[in-house]
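Working notes, beginning with the structure itself.
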Amino acid sequence: MAQTDVLLTKEPAPQTVPACELPRKLYDVARNTGAHTSSGLATAGFRSAKYLADEWFQNCYARYHQAFADRDQSERQRHESQQLAAETEALARRSQEDSTRKVGARLQDTHCWKSELQQEVCELAAETDLLLAQKQRLQRALDATAVPFSITTDNLQCREHRQHPDLVRDFVEMELLKEAELIRNIQELLKRTITQAVNQIRLNREHKETCEMDWSDKVEAYNIDQTCALYHNQSTEVQFHPHSAKFEESASTPETWAGFTQDNLHRAERERLASANLRVLVDCILRDTAEDLRLQCDAVNLAFERRCEELEDARHKLENHLHKTLREITDQEHNIAMLKQAIKDKEAPLKVAQTRLYQRSRRPNVELCRDAAQFRLVSEVEELNTSLAALKEKLLEAEQSLRNLEDTRMHLEKDLAVKTNSLFIDRQKCMAHRARYPTVLQLAGYQ
C-alpha cells in the first residue's frame, strides 16, 4: 500500500538533539591465513569453507565487546542527554525570566517616556490655545485701532476747513498728528506681533505633532511589549519565526532611542516656554498700547478743550468789541450829524456878517470908515471862517473815523464768524466725533 502524504498545519517542533546520520560500524573479521585457508583467485573475497572454532569464538567475543561498547556509549549518551536537557531547561527558564524582566523594564521606561510625552502634548495644546486667545486679542486690538485712526484723520480733515486767520498749526493739530503717528506705529507693532504669534503657533503645532507621533509609536511599542510580556510556554499564540532573531540595520540603540525622545521633549518645552514668554510680551504690548492711546486721546481732548476755551474767550471779546464798536459807530454818526448841523448853523451868521460888510462897503465917501463895527464884522467873519474850517476838518476826521469803525466792525464780524466756525468744527464736529473713541478694554483686545 502506497504511503499517504501527511498535511501539516504547523511547522514540526525542532528536536533537542539535531538528527544526523550515525557512523557506519566497522567489523574487523579475522582472516584465515593458516594452513587450512582457501586459495584461488576465483574465490578471492568470498568464503568457500566453514568458519573455524577460533573464528567463531572471536566473532562471539567481538559481538560481546561491541554490545558492551554500544551499551556503555548509549548509557553515557543518555546521561549526557539528561544532563544537557536539564541544563538547557534551566538555561531556557532563566533566559525567559530574564527576558521577561527586561521586557518589563522596557515597559516601565516606555511608560515613563509615554507619560512625559502625553503631558508635554497636553501642555503644548493648552499653551497653543492660550496663544490663540492672545492672537485673537491682538487681532481685536488691531481692528479697534481703525476707529481712533479714522477719528484722528477726520479731525485733521475737518480742521482744514477752518478759515483764516484761525487756520493755524496750533497745539491741537500737533497733538492730532502725534496721535495719528502713534496709531500707525501701534498698528505696525500689532501686525508684527500677530505674525510672530502665528509663527509661534505653527511651531507649537509642529512640535506637538512630533510629540504625538513619538507618543503614538511608544503606545504601539508599549502594547507590543505588553503582549510579549504576557506570553508564556503554554500560550497558544506562539509559533516559530526562524528569522526573527536578526537585528534590523535601521534599529536604534537605547541611547539614541532615549535621546530622540529627550530631544523632542526638550524642543517642545523650549517652544512652550517661548510661547509663554510671547504671551507675556503680548500682554505688555496690549496694555502699553492701550494706555498710550488713551493718554494721547486725553491729551488731544485736553488740547481741544483749551483751544475751545481760547476760541470762546476770543469770541466773547470780539462780541464785546463789536458791541462797543457798533455803539461807537452810532455815536459817531450822531457826531457827524451834529457837525454838519453846526456847519449849517454857521452859514447864517456868516451870511449876516458878510452881508453887513458888503452893505457897509457901499458907504459913501468919508463914511467908509474903519470903525469899531467894521473891525468887529471883519473879526466876526474871520472867526466864523475859522470855526467852519475847524468844523469841516473835524467832520472829515469824524467821517474817516466812521469809515474806520465800519471797517473794524466788518473785520470783527468776520473774525467772529471765523471763531464761531472754528468753535463749531472743534466742539461740534471733532469733540463730538471723539466721543466714539474706544475704551481701554477694546484697545486691549478684550472686547
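Simple scheme: letters A, B, ... for chains in C-alpha cells order, numbers from 1 for residues in each chain, numbers from 1 for ligands in the order shown.
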List the spatial neighbours of A:Asp415 as an mmCIF file with N, CA and C atoms, in the first residue's frame - criterion: any atom at most 9 Å away, only C-alpha atoms, same-chain residues fewer than 3 positions off excluded.
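Below is the file out-v5.cif, written as the result:
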```cif
data_model
loop_
_atom_site.group_PDB
_atom_site.id
_atom_site.type_symbol
_atom_site.label_atom_id
_atom_site.label_comp_id
_atom_site.auth_asym_id
_atom_site.auth_seq_id
_atom_site.Cartn_x
_atom_site.Cartn_y
_atom_site.Cartn_z
ATOM 1 N N HIS A 164 -9.204 131.558 7.579
ATOM 2 C CA HIS A 164 -8.168 132.470 8.051
ATOM 3 C C HIS A 164 -8.801 133.531 8.962
ATOM 4 N N PRO A 165 -8.158 133.934 10.008
ATOM 5 C CA PRO A 165 -6.781 133.587 10.429
ATOM 6 C C PRO A 165 -6.709 132.420 11.398
ATOM 7 N N ASP A 166 -7.809 131.648 11.568
ATOM 8 C CA ASP A 166 -7.804 130.530 12.516
ATOM 9 C C ASP A 166 -7.167 129.271 11.951
ATOM 10 N N ARG A 315 -14.040 134.857 21.149
ATOM 11 C CA ARG A 315 -15.341 135.224 20.595
ATOM 12 C C ARG A 315 -16.072 136.188 21.509
ATOM 13 N N LEU A 318 -14.471 139.474 21.059
ATOM 14 C CA LEU A 318 -14.863 140.059 19.781
ATOM 15 C C LEU A 318 -16.293 140.581 19.832
ATOM 16 N N MET A 410 -16.648 145.381 10.328
ATOM 17 C CA MET A 410 -16.645 144.302 9.339
ATOM 18 C C MET A 410 -15.620 143.226 9.699
ATOM 19 N N HIS A 411 -14.412 143.660 10.084
ATOM 20 C CA HIS A 411 -13.381 142.694 10.486
ATOM 21 C C HIS A 411 -13.799 141.929 11.737
ATOM 22 N N LEU A 412 -14.394 142.659 12.682
ATOM 23 C CA LEU A 412 -14.841 141.986 13.897
ATOM 24 C C LEU A 412 -15.921 140.966 13.591
ATOM 25 N N VAL A 418 -15.525 133.620 11.902
ATOM 26 C CA VAL A 418 -14.439 132.632 11.829
ATOM 27 C C VAL A 418 -14.323 131.878 13.149
ATOM 28 N N LYS A 419 -14.378 132.607 14.259
ATOM 29 C CA LYS A 419 -14.282 131.960 15.578
ATOM 30 C C LYS A 419 -15.478 131.055 15.809
ATOM 31 N N THR A 420 -16.638 131.484 15.391
ATOM 32 C CA THR A 420 -17.822 130.640 15.542
ATOM 33 C C THR A 420 -17.678 129.371 14.714
#
```
- Report the residues of stretch 133-314 of chain A whose backbone DSSP state falls under helix (DSSP H, G or I), written as a ChimeraX atom specification. /A:133-144,146-159,171-230,242-245,254-314
- Task: Within 12 Å of A:Gln108, counting only C-alpha atoms, which residues show up once you throw out same-chain ones fewer than 5 positions away? Write them as a PyMOL selection string, please.
- Result: chain A and resi 101-103+113-115+218+221-222+225-226+229
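When atom CA of A:Glu255 is paired with atom CA of A:Glu97, their separation reads 24.1 Å.
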- Query: With only C-alpha atoms as the basis for distance, which of A:Ser401, A:Gln77, A:Thr355, A:Thr152 is at the shortest distance from A:Cys297?
  - Reply: A:Thr152
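Proximity to A:Leu138 was assessed for A:Met431, A:Leu286, A:Lys394, A:Cys158 counting only C-alpha atoms; the smallest distance is recorded for A:Leu286.
If you look at atom CA of A:Asn385 and atom CA of A:Leu350, they are 7.7 Å away from each other.
If you measure from each of A:Ala417, A:Ala144, A:Leu443, A:Met174 to A:Leu322 using only C-alpha atoms, the closest one turns out to be A:Ala417.
Excluding A:Gln139 itself and any same-chain residue fewer than 5 positions from it, the protein and nucleic acid residues within 9 Å of it, counting only C-alpha atoms, are Gln134, Ala144, Leu190, Lys191, Ile194 and Gly445 of chain A.
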- Which residues come within 10 Å of A:Arg360, counting only C-alpha atoms, excluding same-chain residues fewer than 5 positions away, as a ChimeraX atom specification? /A:354-355,367-369,373-374,377
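When only C-alpha atoms are used to measure the gap to A:Glu173, the shortest distance among A:Asp154, A:Asp345, A:Glu188, A:Glu123 belongs to A:Asp154.
Comparing the minimum interatomic distances between A:Ile151 and each of A:Glu212, A:Leu395, A:Leu177, A:Ser235, counting only C-alpha atoms, we find that A:Leu177 sits nearest.
Nearest-residue note for A:Lys135: choosing from A:Gln428, A:Gln163, A:Gln96, A:Ser275, the minimum distance belongs to A:Ser275, counting only C-alpha atoms.
We find atom CA of A:Ile343 and atom CA of A:Ser379 to be spaced 18.3 Å apart.
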- Non-local contacts of A:Leu278 (10 Å; only C-alpha atoms; under 3 positions in same chain excluded) as a ChimeraX atom specification: /A:131,134,193,196-197,200,272-275,281-284
- Task: Skip A:Leu124 itself and residues of its chain fewer than 6 positions away, then list as a list in words all residues within 10 Å of it, counting only C-alpha atoms.
- Result: Gln118, Leu130, Ile201, Asn204, Arg205, His207, Lys208, Glu209, Cys211, Ala268, Glu269, Glu271, Arg272, Leu273 and Ser275 of chain A
Would you write out those residues with N, CA, C and O atoms, as a compact mmCIF listing (two decimals), in the first residue's frame?
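The resulting file, out05.txt, is shown below:
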```txt
# COMPACT_ATOMS: atom_id res chain seq x y z
N GLN A 118 2.92 62.52 26.75
CA GLN A 118 1.50 62.86 26.83
C GLN A 118 1.29 64.15 27.62
O GLN A 118 0.49 65.01 27.23
N LEU A 130 -3.96 79.07 24.61
CA LEU A 130 -3.77 80.38 25.25
C LEU A 130 -3.17 81.38 24.27
O LEU A 130 -3.58 82.56 24.23
N ILE A 201 2.62 79.76 16.93
CA ILE A 201 1.54 78.76 16.94
C ILE A 201 1.88 77.62 15.98
O ILE A 201 1.66 76.44 16.28
N ASN A 204 4.50 75.55 17.66
CA ASN A 204 3.87 74.75 18.73
C ASN A 204 3.16 73.53 18.16
O ASN A 204 3.26 72.41 18.68
N ARG A 205 2.42 73.74 17.07
CA ARG A 205 1.67 72.63 16.49
C ARG A 205 2.61 71.61 15.86
O ARG A 205 2.35 70.39 15.93
N HIS A 207 5.73 70.88 16.84
CA HIS A 207 6.36 70.09 17.91
C HIS A 207 5.31 69.25 18.64
O HIS A 207 5.64 68.13 19.10
N LYS A 208 4.09 69.72 18.73
CA LYS A 208 3.02 68.90 19.30
C LYS A 208 2.78 67.68 18.43
O LYS A 208 2.62 66.55 18.94
N GLU A 209 2.77 67.87 17.12
CA GLU A 209 2.59 66.74 16.21
C GLU A 209 3.76 65.77 16.31
O GLU A 209 3.56 64.55 16.30
N CYS A 211 5.66 65.27 18.97
CA CYS A 211 5.49 64.54 20.24
C CYS A 211 4.34 63.54 20.15
O CYS A 211 4.42 62.44 20.73
N ALA A 268 10.14 70.71 22.43
CA ALA A 268 8.76 71.09 22.74
C ALA A 268 8.69 72.02 23.95
O ALA A 268 7.94 73.00 23.96
N GLU A 269 9.48 71.69 24.98
CA GLU A 269 9.50 72.55 26.17
C GLU A 269 10.06 73.93 25.85
O GLU A 269 9.57 74.95 26.34
N GLU A 271 9.90 75.49 22.92
CA GLU A 271 8.88 76.25 22.19
C GLU A 271 7.73 76.65 23.12
O GLU A 271 7.15 77.72 22.97
N ARG A 272 7.42 75.79 24.09
CA ARG A 272 6.35 76.13 25.03
C ARG A 272 6.75 77.31 25.90
O ARG A 272 5.94 78.22 26.15
N LEU A 273 8.01 77.34 26.34
CA LEU A 273 8.48 78.48 27.12
C LEU A 273 8.51 79.74 26.26
O LEU A 273 8.16 80.83 26.72
N SER A 275 6.56 80.32 23.78
CA SER A 275 5.16 80.72 23.62
C SER A 275 4.65 81.44 24.86
O SER A 275 3.94 82.45 24.75
```
Closest-contact table, stretch 34-149 of chain A side, partner stretch 263-267 of chain A, 9 Å, counting only C-alpha atoms, as a tab-separated table:
```
residue	atom	partner	partner_atom	distance
A:Glu116	CA	A:Leu265	CA	8.0
A:Leu117	CA	A:Leu265	CA	6.9
A:Glu120	CA	A:Leu265	CA	7.1
```
Just-selected residues, C-alpha atoms written as a compact mmCIF listing (two decimals), in the first residue's frame:
```txt
# COMPACT_ATOMS: atom_id res chain seq x y z
CA GLU A 116 6.06 62.62 29.76
CA LEU A 117 5.21 62.92 26.08
CA GLU A 120 4.02 67.66 27.12
```
